[in-house]
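A short worksheet on the structure shown next.
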Amino acid sequence: MDEMSHGSDSAARAASRLGTVETLSWLACLFADAPSEATIAAARGGPAATVLGGLAADPDLAPGVGRLVAALDASMSDVALAARLAAVFGVLFSGVGGRETVSPYESVQRTGRLFQAPARDMARLLAAHDLAIADGSEAPDHLSVEVALLAQLTATDDPDRAGLAARLDEWLPEFRDLCLAKDPTGYFAGAAELLAALLAREESRANNQQCDV
């Protein structure tokens, strides 16, 4: 009986980890670029909609999912909503919004300047896993890069996962709060809220596992 219980627990943990990896990968893509028409269609009625429906059942994640889904329920076509969100993405994250900009770079969130110590730290972490930014055009401490790497480390249960999750958990709450204050659609704010809640829960699980050792 104990062996069966242990096996069930292991399977549950593996399933939970897979779900976390899929969600992190999706969120990394969401913050990497403005959504396309196909992305909106998938989130409204495709595979992403199924994932969001499952996440909405989790009380910890439901607030962010609810905000994001509400934005997707806007009475616009996929084309129109994609155009609207692309415009907001540019204002928030591409540096064209002036005071309305919400920088997706860890260096800026921590120091107010690009390419500071967090960027160097992330470059070293990427290199340690034989990774690098493909064309060097993006800073390695962009939120999408950090979350994509976290998804990969979570998938393989790599020891560096805990450190990166803790790192993100330090600066993401402020990013989330800025998105909540400045995103008029709720789409990116909901995604940031979902990501922050997911990271907080994973950080709590990691701490509990350390206590059990």
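If you're wondering about the labels, chains in the structure tokens are A, B, ... by order shown, residues count from 1 in each chain, ligands from 1 in order shown.
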With region 25-47 of chain A as the partner and 7 Å as the cut-off, tabulate the residues of region 61-158 of chain A that qualify, each row holding the nearest pair of atoms and their distance in Å to one decimal, using only C-alpha atoms, sorted by chain and rising number, as a tab-separated table.
```
residue	atom	partner	partner_atom	distance
A:Leu72	CA	A:Arg44	CA	6.5
A:Asp78	CA	A:Glu37	CA	5.5
A:Val79	CA	A:Glu37	CA	5.3
A:Ala82	CA	A:Glu37	CA	5.4
A:Leu85	CA	A:Ala34	CA	6.8
A:Ala86	CA	A:Ala34	CA	4.8
A:Phe89	CA	A:Ala34	CA	5.8
A:Ser144	CA	A:Ala28	CA	4.3
A:Val145	CA	A:Ala28	CA	7.0
A:Val147	CA	A:Ala28	CA	5.3
A:Ala148	CA	A:Ala28	CA	5.3
A:Ala151	CA	A:Ser25	CA	5.8
```
Keeping only N, CA and C atoms, write those residues as a compact mmCIF listing (two decimals), in the first residue's frame.
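Output below, filename part.txt:
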```txt
# COMPACT_ATOMS: atom_id res chain seq x y z
N LEU A 72 -10.00 38.65 -22.89
CA LEU A 72 -10.23 37.87 -24.10
C LEU A 72 -11.70 37.85 -24.49
N ASP A 78 -11.03 38.42 -33.43
CA ASP A 78 -9.64 38.06 -33.11
C ASP A 78 -8.67 39.07 -33.69
N VAL A 79 -8.94 39.51 -34.92
CA VAL A 79 -8.06 40.47 -35.58
C VAL A 79 -8.05 41.79 -34.83
N ALA A 82 -6.35 41.41 -31.37
CA ALA A 82 -4.90 41.29 -31.52
C ALA A 82 -4.28 42.65 -31.80
N LEU A 85 -4.33 44.69 -28.51
CA LEU A 85 -3.33 44.22 -27.56
C LEU A 85 -1.91 44.52 -28.04
N ALA A 86 -1.70 44.49 -29.35
CA ALA A 86 -0.38 44.83 -29.89
C ALA A 86 -0.04 46.29 -29.58
N PHE A 89 0.75 46.45 -25.90
CA PHE A 89 2.06 45.82 -25.68
C PHE A 89 3.17 46.83 -25.99
N SER A 144 10.65 37.44 -20.43
CA SER A 144 10.34 36.26 -21.24
C SER A 144 11.49 35.27 -21.26
N VAL A 145 12.72 35.77 -21.24
CA VAL A 145 13.89 34.90 -21.24
C VAL A 145 13.99 34.16 -19.91
N VAL A 147 11.62 33.52 -17.76
CA VAL A 147 10.52 32.56 -17.57
C VAL A 147 10.68 31.35 -18.48
N ALA A 148 11.16 31.57 -19.71
CA ALA A 148 11.40 30.44 -20.61
C ALA A 148 12.47 29.52 -20.05
N ALA A 151 11.01 27.51 -17.23
CA ALA A 151 10.21 26.39 -17.74
C ALA A 151 11.11 25.21 -18.09
```
If you count only C-alpha atoms, the residue of A:Gly112, A:Leu195, A:Leu131, A:Gly53 closest to Gly66 (chain A) turns out to be A:Gly53
Which neighbours of region 157-168 of chain A fall inside 7 Å, counting only C-alpha atoms, when residues of the same chain fewer than 4 positions from it are skipped, and could you give them as a VMD selection string? chain A and resid 150 153 172 199 203 206
Identify, on the basis of only C-alpha atoms, every residue whose closest approach to Leu114 (chain A) does not exceed 8 Å; exclude the query and any residue fewer than 6 positions from it along the same chain; express the result as a ChimeraX atom specification. /A:105,107-108
